[in-house]
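Okay, so here's the structure we're looking at.
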There are 4 protein chains.
Amino acid sequence: MKNSAILLVSCPDRKGEVATIADFVYRHGGNILHADEHADEESGLFLMRVEFDPKDFDVPLSEFAEHFAPIAQKFQMTWRLAQSAHRPRMIIFVSKYDHCLVDLLYRHQSGELACEIPLIISNHPDNKAVADFYRIPYECVSVTKENKGAAEARIQTSIDAHKPDFIVLARYMQILSNEFVNRYPQRIVNIHHSFLPAFVGARPYHQAFERGVKLIGATSHYVTEVLDDGPIIEQDVVRVSHRDTVDDLIRKGRDLEKVVLSRAVRSHVESRVLVYGNKTVVF
Amino acid sequence: MKNSAILLVSCPDRKGEVATIADFVYRHGGNILHADEHADEESGLFLMRVEFDPKDFDVPLSEFAEHFAPIAQKFQMTWRLAQSAHRPRMIIFVSKYDHCLVDLLYRHQSGELACEIPLIISNHPDNKAVADFYRIPYECVSVTKENKGAAEARIQTSIDAHKPDFIVLARYMQILSNEFVNRYPQRIVNIHHSFLPAFVGARPYHQAFERGVKLIGATSHYVTEVLDDGPIIEQDVVRVSHRDTVDDLIRKGRDLEKVVLSRAVRSHVESRVLVYGNKTVVF
Amino acid sequence: MKNSAILLVSCPDRKGEVATIADFVYRHGGNILHADEHADEESGLFLMRVEFDPKDFDVPLSEFAEHFAPIAQKFQMTWRLAQSAHRPRMIIFVSKYDHCLVDLLYRHQSGELACEIPLIISNHPDNKAVADFYRIPYECVSVTKENKGAAEARIQTSIDAHKPDFIVLARYMQILSNEFVNRYPQRIVNIHHSFLPAFVGARPYHQAFERGVKLIGATSHYVTEVLDDGPIIEQDVVRVSHRDTVDDLIRKGRDLEKVVLSRAVRSHVESRVLVYGNKTVVF
Amino acid sequence: MKNSAILLVSCPDRKGEVATIADFVYRHGGNILHADEHADEESGLFLMRVEFDPKDFDVPLSEFAEHFAPIAQKFQMTWRLAQSAHRPRMIIFVSKYDHCLVDLLYRHQSGELACEIPLIISNHPDNKAVADFYRIPYECVSVTKENKGAAEARIQTSIDAHKPDFIVLARYMQILSNEFVNRYPQRIVNIHHSFLPAFVGARPYHQAFERGVKLIGATSHYVTEVLDDGPIIEQDVVRVSHRDTVDDLIRKGRDLEKVVLSRAVRSHVESRVLVYGNKTVVF
C-alpha cells in the first residue's frame with residue numbers, strides 16, 4: 001500500500017510560505033506528490049496541504065516536529081502531520097435509519113475508506129445484524145428523556161476505550177450535549193437531510209415538501225454547539241417535482257445522504273479538510 | 001406555426017374528471033396532443049393540462065366557455081383556455097444588472113419564447129441600448145425614497161397602456177407595493193439569486209459566501225406580498241468551492257439566474273404552470 | 001399496501017385514444033390515479049400508461065381482457081395490465097463486482113423495489129455471503145470457454161424453476177447467447193459502465209481515461225443481440241478531472257452504476273417503461 | 001486591475017520541481033497567489049501553474065527568461081510566462097447559428113473574458129448586426145466547394161493582420177484545412193454539440209435522438225487534424241426525455257454549448273489549460 005505523509009498548515013498569509021515548505025520537504029529528501037494551497041482574503045489566512053512520499057525522507061516522521069518547529073514558529077503556523085498508512089479510528093453513531101450506516105460499512109469493506117471502525121454506537125438494537133455481518137462491534141445505549149445524562153456518560157466510557165480519531169453521526173437522532181461536542185472539535189461529522197441553511201432542525205423533507213422546492217439537498221458538516229450550523233464539508237441536491245410525495249423525497253434523499261456523507265467522511269479520512277472560521281477548504 | 005388549444009383545470013379530486021374532459025375534447029373533434037394531470041393528496045385537488053389540436057374542433061374556441069360550462073359546474077372547476085397562437089404580452093422590469101434582460105431578449109428574438117414584449121420598464125437608463133437593438137420600447141422611471149408612490153403610479157399608467165398578460169422582474173431591485181403585486185396574482189415572475197428558502201432578502205451571494213455553502217442556487221417564483229416567499233416555479237444550483245470569491249459566486253450565479261428565469265418564463269408562456277396553495281405544478 | 005392497476009398501451013396514433021381509455025376505466029368504476037401518454041411523431045405511435053384504483057372496478061381484473069378487447073381491436077393496441085400488488089420476480093446475475101448486487105439487495109429489503117428475488121446466479125462463489133445475509137438463494141455456475149453452452153443450459157434450467165418476470169445483469173461479465181437473450185425480449189436489464197454510445201465494449205473506464213473526458217457515465221438498457229446497443233432506460237454522469245486515476249474513475253463509477261441501475265430496475269418493476277423501436281418512454 | 005504573472009511548466013516528473021520553482025519566485029520577491037501542480041503517472045510528466053504577484057519581483061518580466069533558463073534547462077522544462085494584464089487576442093469564427101457568438105460577445109463586454117476580440121470571421125453576413133452592436137469588426141468570407149482554397153487564403157490574410165493569440169470556432173460549420181489547423185496548435189478552441197466521443201461528425205442531436213439517449217452533451221476541445229478528436233477542455237450534459245423532439249434537443253443544447261464553450265474560452269484566456277498527450281489539465 002502507498003504510504004504518504006500529509007502536512008496540513010494554516011497561518012497568517014505572507015510571502016514565502018510555499019517556497020519554505022516545499023524547500024523543507026525537498027531538502028530532506030521528500031518527493032511532493034500533491035500540493036494544494038489557498039489564501040483566504042477575508043481572514044488573511046493561508047492554508048496548505050502537502051502530500052509527499054517519505055521513502056527517502058532523511059528524518060524519521062516521529063521526529064518531524066522538532067525539525068519543522070523553526071519554520072512553524074517563524075510563520076506562526078498551526079499544523080499537523082498525517083500519514084496515509086495510519087488509518088484513523090472512526091466511531092459511527094446511528095439510530096434506526098440504516099442507509100448511511102450500511103453504505104459506510106460497505107465502502108469501508110470495499111476499501112474506499114482508509115480507516116478503522118472499532119465501534120458502532122446506537123440507541124436502538126435494530127442495526128446489530130448488519131454490524132455483525134461486517135464484524136464491527138455494536139453497542140446499544142438506549143436514550144430516554146430521563147437517562148440522557150447517564151446514557152451519554154456510558155457512551156463516553158465506551159468511546160474512550162476505543163480512542164476514536166473522529167465520530168460520524170450517520171443519522172443519529174439524539175442531541176449530544178455541548179460538553180460532548182466540545183470534546184471533539186472538528187471531529188464530529190454529521191449528515192443533515194437538507195440543503196443547509198434551508199430547513200434547519202426537524203423533519204426537513206416535510207419542510208421542503210411544504211415549501212414546494214424543486215430540488216432537495218443533503219449537507220455534511222462538522223458539529224458545533226449550534227444546531228445544524230457547523231462548517232459545511234459537502235452538499236448535493238437532486239431534482240424533485242410535484243409528483244413526489246414526502247415519501248418520495250425521503251427515498252430520493254436517502255441516496256443523497258449516503259453519497260454526501262461518504263464523500264465528507266472520505267475527505268476527512270484523507271486529511272483533505274481544513275477548517276477556517278465557520279468554513280472549510282476541501283483540497 | 002402550430003396552433004394548439006390548452007385547457008387548464010383545477011378542481012376537487014373525484015372520479016371521472018379525466019374521462020369527462022377527454023371525452024368532451026374528443027366528442028367535439030379535438031385531437032389530444034398532450035395530457036398531464038396531478039392529484040394532490042394533501043389538498044384533495046385535481047389539476048390538469050390538456051393540449052389539443054383544434055383544427056377539426058366543431059365549436060369556435062370563442063364559444064368554448066358556454067359548451068364547457070356544464071362540465072366545469074359539475075366538477076366545480078376553476079379553468080381557463082389558452083391558445084398557443086395567442087402570444088401573451090410580457091412586460092420586463094429591470095434595474096442595472098442586464099444579464100437576465102439580455103438573455104430574455106435574445107431568446108425572444110430567436111423564437112424560444114412565444115410571447116410579445118411590448119415594453120421594458122427600468123429605474124435606470126443603462127439598458128436602453130440593448131432594448132433599442134432588439135427594438136423593444138424602453139421606459140425609464142427613476143425611483144427614489146421620496147417619489148416611490150408617484151413612480152409606481154407612473155409605471156402603472158405605462159403598463160396599463162400595454163395590457164400585459166404578465167410581468168417579469170429580471171433583476172428589478174425596487175420593492176413593489178402590495179397593491180401593485182395584488183393586481184397581478186400569479187402573474188409576476190421574479191428571479192431570486194439564491195436557493196430559496198435559504199438566503200432570503202438582500203445580498204444572497206454574500207450570505208452564501210459567509211455561510212460557506214458548497215453549492216449556490218437561483219429560484220424563480222411568483223411574487224406575493226411576502227418577500228421571496230411566493231410559489232416556486234424553477235430552481236437550480238451550481239457547485240462552488242473555497243477558491244471562489246464573492247465575485248466568482250456572482251459570476252457563476254449570473255449563468256444560473258439566466259437559465260432558471262428563462263425556463264420559468266417559458267413554462268409560464270406555454271401555460272404549463274398551475275398554482276395550488278403556495279406551490280406549483282409545472283407540466 | 002396500495003393496490004393499483006396499470007394499463008400499458010401502444011398503438012398507431014389517432015384521435016380518441018385518451019378519451020376511449022379514460023372513459024372505459026371510468027365507466028367501470030375505476031379511479032384514475034395517474035395518466036401519462038406520449039405520441040411519437042416519427043413512428044406515428046401512441047403510448048399510454050394509466051394507473052387506476054380498481055377498488056370499485058365492476059369487472060374482476062382477471063376478466064379485464066375480454067372487456068377491453070373491443071377497444072384494443074378497434075385501435076390495434078398492443079397492451080398489458082399490471083398490478084402493483086403483483087410483485088414481479090427478478091433474477092439477478094452477478095460476477096465478482098458486488099456493488100450493484102449489494103445495492104439492489106439493500107433497496108429490496110428496505111422496500112424501495114416492489115419485487116421478489118427468487119434467485120441470484122453467479123459465475124463466482126464470492127457473493128454468497130451477502131446473498132445469505134439477505135436470505136436470497138444463490139447459485140454458482142462457473143463459466144469457462146469450454147463449458148459455455150453447458151453452463152448456459154444449466155442456468156436456463158435453474159431460471160426456469162423460478163419463473164422470472166425479468167432478469168437483471170448487475171455487472172455480470174459473461175456474454176449471453178443470442179438464443180438466451182431472445183427468450184427475454186425487453187426483460188433483461190443491464191448496466192453498462194459508460195455513457196453509451198461512447199465506450200462500447202470492454203474496459204470503458206480505461207477508454208474514458210485514455211480519451212481524457214471530463215465526465216464519466218453509466219447506462220442501463222435492455223439487452224438485445226447487439227452488444228451495448230439495446231433501448232436505453234436510464235443514464236447519468238459524474239464529473240472527473242485530471243486528478244482522477246483510472247481507479248478513481250472506477251470508484252466514482254460504482255456510485256453511478258448503482259444509482260442508474262436501481263432507477264432503471266425501479267422503473268421496470270413499476271411498469272413505467274415502454275419500448276418503441278430502439279428507444280424507451282419512461283413515464 | 002489586478003496584474004499577476006502566470007508561469008506554466010511541463011517537464012519529466014522528478015524530485016524538487018515544486019521547491020525549485022517556488023524558491024525561484026520567492027527569492028526574486030514574487031508572492032505566490034495560486035499554485036497548482038499535477039504529476040501524470042502514465043506519461044511521467046509533471047505539470048505546474050504558478051500565479052504570482054510580480055509587484056516586488058526584482059527582475060523585469062521581460063528578462064524573466066534568462067533568469068529562469070538554468071532551472072528550465074536542469075529540469076528539461078517546456079514553459080511559458082503569461083501575464084493577466086496582457087489580454088490575449090481572440091478571433092471568433094462563426095456561421096449562421098449565433099447563440100455562442102452572442103454569448104461570447106456579451107461575456108466579453110461584461111468583463112468575464114479578459115481578452116481582446118479584434119475580428120469576427122464568418123461565411124455568412126447574418127451576424128454583422130450583433131457584431132456592430134458590440135463594435136467588433138466583422139468580415140464575411142463566403143466559402144463554396146469551388147473557392148475553398150482561395151477563401152481560406154483570404155481568411156489567413158485577414159487573420160494575420162490581427163495577430164491572434166488564439167481562435168474560437170463558435171459553431172463555424174466549415175472544415176479548415178490541416179495546414180491551417182497545424183498553424184495554431186492548441187490554439188483553436190471548438191465547440192462540438194455532443195458528449196464526445198459519442199456522436200462524432202454531422203448532426204449530433206439527430207444522432208442522439210435516434211439512439212434514444214437520456215442526456216445530451218456538449219464538448220469544447222482543441223482542434224487537431226482528426227475531426228472531433230482533439231484534447232477535451234470542458235464538457236457538460238443536460239437531461240432529456242421522450243417528450244423532447246429533435247428541435248427540443250437543439251434548443252436545450254444551445255444553452256449547453258454556450259456554457260461549455262465560454263468556460264473553455266475563459267480557462268484558455270486565464271492560462272489554466274495545459275495539454276499533455278491528447279488530454280488537458282485545467283487548473
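Just remember, in the C-alpha cells the first chain shown is A, the second B, etc., residues are 1-based per chain, and ligands are 1-based in the order shown.
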
Using only C-alpha atoms, find which residues of chain D lie within 8 Å of chain C and jot them down as a PyMOL selection string.
-> chain D and resi 38+196-199+211-215+231-236+241-243+278-282

Atoms kept (N, CA and C atoms) for selection, written as a compact mmCIF listing (two decimals), in the first residue's frame:
# COMPACT_ATOMS: atom_id res chain seq x y z
N HIS D 38 0.35 18.92 -11.12
CA HIS D 38 -0.18 17.59 -11.37
C HIS D 38 0.92 16.70 -11.93
N LEU D 196 -18.69 14.13 -26.62
CA LEU D 196 -17.65 13.33 -27.30
C LEU D 196 -17.05 12.32 -26.32
N PRO D 197 -16.66 11.12 -26.82
CA PRO D 197 -16.59 10.72 -28.22
C PRO D 197 -17.90 10.18 -28.80
N ALA D 198 -19.01 10.32 -28.13
CA ALA D 198 -20.27 9.89 -28.75
C ALA D 198 -20.68 10.91 -29.81
N PHE D 199 -21.22 10.43 -30.90
CA PHE D 199 -21.81 11.29 -31.92
C PHE D 199 -20.81 12.27 -32.55
N ARG D 211 -30.66 7.50 -31.19
CA ARG D 211 -30.17 6.50 -30.25
C ARG D 211 -31.02 6.45 -28.99
N GLY D 212 -31.79 7.50 -28.74
CA GLY D 212 -32.64 7.49 -27.56
C GLY D 212 -31.90 7.69 -26.26
N VAL D 213 -30.86 8.53 -26.26
CA VAL D 213 -30.13 8.79 -25.01
C VAL D 213 -30.98 9.61 -24.05
N LYS D 214 -30.64 9.55 -22.77
CA LYS D 214 -31.41 10.25 -21.74
C LYS D 214 -30.72 11.54 -21.31
N LEU D 215 -29.54 11.78 -21.84
CA LEU D 215 -28.80 13.03 -21.59
C LEU D 215 -28.16 13.44 -22.91
N PRO D 231 -7.80 17.35 -27.82
CA PRO D 231 -7.86 17.34 -26.36
C PRO D 231 -9.08 18.09 -25.83
N ILE D 232 -9.84 17.43 -24.97
CA ILE D 232 -11.08 17.98 -24.42
C ILE D 232 -10.77 18.97 -23.29
N ILE D 233 -11.36 20.14 -23.38
CA ILE D 233 -11.16 21.16 -22.33
C ILE D 233 -12.32 21.13 -21.34
N GLU D 234 -13.53 21.02 -21.86
CA GLU D 234 -14.70 21.07 -20.97
C GLU D 234 -15.87 20.33 -21.62
N GLN D 235 -16.70 19.73 -20.78
CA GLN D 235 -17.91 19.04 -21.25
C GLN D 235 -19.01 19.23 -20.23
N ASP D 236 -20.22 19.14 -20.69
CA ASP D 236 -21.34 19.10 -19.76
C ASP D 236 -22.54 18.45 -20.44
N SER D 241 -35.80 13.80 -22.40
CA SER D 241 -36.71 12.67 -22.24
C SER D 241 -37.44 12.42 -23.55
N HIS D 242 -38.30 11.42 -23.52
CA HIS D 242 -39.08 11.08 -24.72
C HIS D 242 -39.94 12.25 -25.18
N ARG D 243 -40.20 13.19 -24.29
CA ARG D 243 -41.04 14.33 -24.68
C ARG D 243 -40.29 15.30 -25.57
N ASN D 278 -3.03 13.64 -25.58
CA ASN D 278 -4.29 14.13 -26.15
C ASN D 278 -5.27 14.56 -25.06
N LYS D 279 -4.73 14.95 -23.92
CA LYS D 279 -5.58 15.33 -22.79
C LYS D 279 -5.23 16.73 -22.31
N THR D 280 -6.09 17.25 -21.46
CA THR D 280 -5.79 18.54 -20.84
C THR D 280 -5.84 18.44 -19.32
N VAL D 281 -5.03 19.27 -18.70
CA VAL D 281 -5.21 19.61 -17.30
C VAL D 281 -5.83 21.00 -17.29
N VAL D 282 -6.92 21.19 -16.57
CA VAL D 282 -7.48 22.53 -16.41
C VAL D 282 -7.35 22.90 -14.93

Give me, as a Markdown table, the closest atom pair and its distance (Å, one decimal) for every residue of stretch 92-175 of chain B within a cut-off of 10 Å of stretch 252-259 of chain B, counting only C-alpha atoms, rows sorted by chain and rising number.
| residue | atom | partner | partner_atom | distance |
| --- | --- | --- | --- | --- |
| B:Tyr97 | CA | B:Arg254 | CA | 9.5 |
| B:Asp98 | CA | B:Arg254 | CA | 9.8 |
| B:His99 | CA | B:Arg254 | CA | 6.8 |
| B:Cys100 | CA | B:Lys258 | CA | 5.1 |
| B:Leu101 | CA | B:Lys258 | CA | 8.5 |
| B:Val102 | CA | B:Lys258 | CA | 9.1 |
| B:Asp103 | CA | B:Lys258 | CA | 6.4 |
| B:Leu104 | CA | B:Lys258 | CA | 7.9 |
| B:Ala170 | CA | B:Lys258 | CA | 8.9 |
| B:Arg171 | CA | B:Glu257 | CA | 9.1 |

Quick one: write out the picked residues with N, CA, C and O atoms as an mmCIF file, in the first residue's frame?
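What ended up in again_38.cif:
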data_model
loop_
_atom_site.group_PDB
_atom_site.id
_atom_site.type_symbol
_atom_site.label_atom_id
_atom_site.label_comp_id
_atom_site.auth_asym_id
_atom_site.auth_seq_id
_atom_site.Cartn_x
_atom_site.Cartn_y
_atom_site.Cartn_z
ATOM 1 N N TYR B 97 -28.332 45.498 -13.528
ATOM 2 C CA TYR B 97 -27.786 44.219 -13.978
ATOM 3 C C TYR B 97 -28.562 43.765 -15.203
ATOM 4 O O TYR B 97 -29.777 43.624 -15.163
ATOM 5 N N ASP B 98 -27.847 43.518 -16.285
ATOM 6 C CA ASP B 98 -28.541 43.302 -17.554
ATOM 7 C C ASP B 98 -28.563 41.860 -18.029
ATOM 8 O O ASP B 98 -29.146 41.566 -19.064
ATOM 9 N N HIS B 99 -27.918 40.945 -17.306
ATOM 10 C CA HIS B 99 -27.742 39.595 -17.868
ATOM 11 C C HIS B 99 -29.067 38.883 -18.136
ATOM 12 O O HIS B 99 -29.225 38.244 -19.170
ATOM 13 N N CYS B 100 -30.013 39.001 -17.213
ATOM 14 C CA CYS B 100 -31.306 38.338 -17.440
ATOM 15 C C CYS B 100 -32.067 39.021 -18.574
ATOM 16 O O CYS B 100 -32.686 38.349 -19.406
ATOM 17 N N LEU B 101 -32.025 40.321 -18.616
ATOM 18 C CA LEU B 101 -32.707 41.052 -19.690
ATOM 19 C C LEU B 101 -32.148 40.651 -21.059
ATOM 20 O O LEU B 101 -32.903 40.299 -21.969
ATOM 21 N N VAL B 102 -30.831 40.711 -21.192
ATOM 22 C CA VAL B 102 -30.191 40.369 -22.468
ATOM 23 C C VAL B 102 -30.558 38.946 -22.867
ATOM 24 O O VAL B 102 -30.856 38.652 -24.032
ATOM 25 N N ASP B 103 -30.537 38.062 -21.900
ATOM 26 C CA ASP B 103 -30.851 36.657 -22.167
ATOM 27 C C ASP B 103 -32.291 36.498 -22.655
ATOM 28 O O ASP B 103 -32.556 35.795 -23.637
ATOM 29 N N LEU B 104 -33.222 37.157 -21.971
ATOM 30 C CA LEU B 104 -34.632 37.048 -22.375
ATOM 31 C C LEU B 104 -34.847 37.628 -23.774
ATOM 32 O O LEU B 104 -35.571 37.055 -24.583
ATOM 33 N N ALA B 170 -36.746 40.974 -14.009
ATOM 34 C CA ALA B 170 -35.467 40.422 -14.437
ATOM 35 C C ALA B 170 -34.341 41.144 -13.706
ATOM 36 O O ALA B 170 -33.577 41.873 -14.311
ATOM 37 N N ARG B 171 -34.239 40.903 -12.422
ATOM 38 C CA ARG B 171 -33.327 41.608 -11.520
ATOM 39 C C ARG B 171 -33.735 43.085 -11.401
ATOM 40 O O ARG B 171 -32.943 43.975 -11.635
#

Two-atom distance - atom CA of A:Arg107, atom CA of A:Leu261 (Å) |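 Pair atom CA of A:Arg107 / atom CA of A:Leu261 returns 11.6 Å.
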
Selection: 6 Å around stretch 13-28 of chain D, only C-alpha atoms, excl. self and same-chain fewer than 6 positions, as a tab-separated table (two decimals) with all heavy atoms, in the first residue's frame:
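Saved result, around-v7.tsv, follows:
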chain	number	residue	atom	x	y	z
A	16	GLY	N	6.43	33.64	0.91
A	16	GLY	CA	7.47	32.67	1.16
A	16	GLY	C	7.03	31.36	1.78
A	16	GLY	O	7.83	30.45	1.95
A	19	ALA	N	7.31	28.39	-0.80
A	19	ALA	CA	8.72	28.10	-1.06
A	19	ALA	C	9.38	27.44	0.14
A	19	ALA	O	10.12	26.46	0.01
A	19	ALA	CB	9.44	29.39	-1.44
A	22	ALA	N	7.97	23.81	0.63
A	22	ALA	CA	8.42	22.93	-0.45
A	22	ALA	C	9.92	22.66	-0.32
A	22	ALA	O	10.39	21.54	-0.52
A	22	ALA	CB	8.09	23.56	-1.81
A	23	ASP	N	10.64	23.69	0.02
A	23	ASP	CA	12.09	23.53	0.17
A	23	ASP	C	12.42	22.59	1.33
A	23	ASP	O	13.31	21.75	1.23
A	23	ASP	CB	12.73	24.91	0.40
A	23	ASP	CG	14.23	24.80	0.59
A	23	ASP	OD1	14.91	24.37	-0.37
A	23	ASP	OD2	14.72	25.11	1.71
A	26	TYR	N	11.80	19.06	0.24
A	26	TYR	CA	12.78	18.67	-0.79
A	26	TYR	C	14.16	18.46	-0.16
A	26	TYR	O	14.84	17.46	-0.41
A	26	TYR	CB	12.84	19.78	-1.84
A	26	TYR	CG	13.88	19.56	-2.91
A	26	TYR	CD1	13.99	18.33	-3.57
A	26	TYR	CD2	14.75	20.60	-3.27
A	26	TYR	CE1	14.94	18.14	-4.57
A	26	TYR	CE2	15.69	20.41	-4.26
A	26	TYR	CZ	15.79	19.18	-4.90
A	26	TYR	OH	16.73	18.99	-5.88
A	31	ASN	N	9.52	13.58	-1.69
A	31	ASN	CA	9.05	13.88	-3.05
A	31	ASN	C	7.60	14.33	-2.97
A	31	ASN	O	6.72	13.55	-2.58
A	31	ASN	CB	9.17	12.65	-3.94
A	31	ASN	CG	8.89	12.98	-5.40
A	31	ASN	OD1	9.02	14.13	-5.80
A	31	ASN	ND2	8.47	11.98	-6.15
D	44	GLY	N	4.60	10.06	-17.01
D	44	GLY	CA	5.74	10.52	-16.22
D	44	GLY	C	5.98	12.02	-16.33
D	44	GLY	O	7.07	12.52	-16.12
D	45	LEU	N	4.89	12.75	-16.64
D	45	LEU	CA	5.02	14.20	-16.80
D	45	LEU	C	4.62	14.94	-15.53
D	45	LEU	O	3.71	14.53	-14.82
D	45	LEU	CB	4.11	14.68	-17.93
D	45	LEU	CG	4.70	14.74	-19.34
D	45	LEU	CD1	3.66	15.34	-20.29
D	45	LEU	CD2	5.98	15.59	-19.38
D	46	PHE	N	5.29	16.05	-15.30
D	46	PHE	CA	4.93	16.95	-14.21
D	46	PHE	C	4.44	18.26	-14.83
D	46	PHE	O	5.09	18.81	-15.73
D	46	PHE	CB	6.15	17.21	-13.33
D	46	PHE	CG	5.93	18.28	-12.30
D	46	PHE	CD1	5.32	18.00	-11.09
D	46	PHE	CD2	6.35	19.59	-12.54
D	46	PHE	CE1	5.11	18.99	-10.14
D	46	PHE	CE2	6.16	20.58	-11.59
D	46	PHE	CZ	5.53	20.28	-10.39
D	57	PHE	N	8.74	41.89	-7.70
D	57	PHE	CA	9.67	40.97	-8.36
D	57	PHE	C	10.89	41.79	-8.79
D	57	PHE	O	10.75	42.84	-9.41
D	57	PHE	CB	8.98	40.34	-9.57
D	57	PHE	CG	9.51	38.98	-9.92
D	57	PHE	CD1	9.38	37.90	-9.05
D	57	PHE	CD2	10.16	38.76	-11.14
D	57	PHE	CE1	9.86	36.63	-9.38
D	57	PHE	CE2	10.65	37.50	-11.48
D	57	PHE	CZ	10.50	36.44	-10.59
D	58	ASP	N	12.08	41.30	-8.48
D	58	ASP	CA	13.27	42.12	-8.69
D	58	ASP	C	13.88	41.98	-10.09
D	58	ASP	O	14.94	42.52	-10.38
D	58	ASP	CB	14.33	41.87	-7.60
D	58	ASP	CG	14.83	40.43	-7.63
D	58	ASP	OD1	14.56	39.71	-8.62
D	58	ASP	OD2	15.50	40.03	-6.67

Per DSSP on the backbone, filter stretch 63-272 of chain C down to the residues in strand (DSSP E or B) and report them as a ChimeraX atom specification.
-> /C:78-83,89-94,116-122,138-140,166-169,188-192,215-222,232-239

Written selection (C-alpha atoms) as a PDB file, in the first residue's frame:
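Result file part_31.pdb:
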ATOM      1  CA  THR C  78     -50.647  -3.789 -28.019  1.00  0.00           C
ATOM      2  CA  TRP C  79     -51.380  -3.721 -24.323  1.00  0.00           C
ATOM      3  CA  ARG C  80     -50.920  -5.367 -20.960  1.00  0.00           C
ATOM      4  CA  LEU C  81     -52.338  -4.937 -17.495  1.00  0.00           C
ATOM      5  CA  ALA C  82     -50.024  -4.928 -14.495  1.00  0.00           C
ATOM      6  CA  GLN C  83     -50.983  -4.785 -10.844  1.00  0.00           C
ATOM      7  CA  ARG C  89     -39.971 -11.948  -9.964  1.00  0.00           C
ATOM      8  CA  MET C  90     -36.468 -10.655 -10.645  1.00  0.00           C
ATOM      9  CA  ILE C  91     -33.431 -12.904 -11.009  1.00  0.00           C
ATOM     10  CA  ILE C  92     -30.088 -11.170 -10.562  1.00  0.00           C
ATOM     11  CA  PHE C  93     -26.935 -12.209 -12.435  1.00  0.00           C
ATOM     12  CA  VAL C  94     -23.648 -11.059 -10.970  1.00  0.00           C
ATOM     13  CA  GLU C 116     -39.438 -10.735  -5.421  1.00  0.00           C
ATOM     14  CA  ILE C 117     -35.882 -12.023  -5.806  1.00  0.00           C
ATOM     15  CA  PRO C 118     -36.166 -15.793  -6.012  1.00  0.00           C
ATOM     16  CA  LEU C 119     -32.569 -16.369  -7.133  1.00  0.00           C
ATOM     17  CA  ILE C 120     -29.116 -14.916  -7.703  1.00  0.00           C
ATOM     18  CA  ILE C 121     -26.973 -16.507 -10.412  1.00  0.00           C
ATOM     19  CA  SER C 122     -23.219 -16.005 -10.398  1.00  0.00           C
ATOM     20  CA  TYR C 138     -27.507 -18.085  -4.599  1.00  0.00           C
ATOM     21  CA  GLU C 139     -26.442 -20.437  -7.321  1.00  0.00           C
ATOM     22  CA  CYS C 140     -22.934 -20.532  -8.631  1.00  0.00           C
ATOM     23  CA  PHE C 166     -37.296 -10.309 -15.723  1.00  0.00           C
ATOM     24  CA  ILE C 167     -33.544 -10.591 -15.308  1.00  0.00           C
ATOM     25  CA  VAL C 168     -31.040  -8.006 -14.108  1.00  0.00           C
ATOM     26  CA  LEU C 169     -27.386  -8.181 -15.111  1.00  0.00           C
ATOM     27  CA  ILE C 188     -33.140  -8.292 -19.386  1.00  0.00           C
ATOM     28  CA  VAL C 189     -31.886  -5.080 -17.762  1.00  0.00           C
ATOM     29  CA  ASN C 190     -28.135  -4.452 -17.993  1.00  0.00           C
ATOM     30  CA  ILE C 191     -25.850  -1.811 -16.526  1.00  0.00           C
ATOM     31  CA  HIS C 192     -23.003  -0.652 -18.748  1.00  0.00           C
ATOM     32  CA  LEU C 215     -17.419  13.430 -17.247  1.00  0.00           C
ATOM     33  CA  ILE C 216     -17.941   9.681 -16.936  1.00  0.00           C
ATOM     34  CA  GLY C 217     -21.282   7.963 -17.216  1.00  0.00           C
ATOM     35  CA  ALA C 218     -23.304   4.829 -16.719  1.00  0.00           C
ATOM     36  CA  THR C 219     -26.160   3.474 -18.801  1.00  0.00           C
ATOM     37  CA  SER C 220     -28.885   0.986 -18.012  1.00  0.00           C
ATOM     38  CA  HIS C 221     -30.545  -0.606 -21.038  1.00  0.00           C
ATOM     39  CA  TYR C 222     -32.462  -3.627 -22.199  1.00  0.00           C
ATOM     40  CA  ILE C 232     -31.664   2.903 -23.009  1.00  0.00           C
ATOM     41  CA  ILE C 233     -33.728   3.166 -19.813  1.00  0.00           C
ATOM     42  CA  GLU C 234     -31.582   5.487 -17.714  1.00  0.00           C
ATOM     43  CA  GLN C 235     -28.231   7.286 -17.815  1.00  0.00           C
ATOM     44  CA  ASP C 236     -26.292   9.606 -15.600  1.00  0.00           C
ATOM     45  CA  VAL C 237     -22.838  11.150 -15.365  1.00  0.00           C
ATOM     46  CA  VAL C 238     -20.389  12.467 -12.807  1.00  0.00           C
ATOM     47  CA  ARG C 239     -17.568  14.985 -13.169  1.00  0.00           C
TER      48      ARG C 239
END

Extract the full set of alpha helix (DSSP H) residues from stretch 193-279 of chain D according to DSSP on the backbone, and format it as a PyMOL selection string.
-> chain D and resi 204-211+246-269
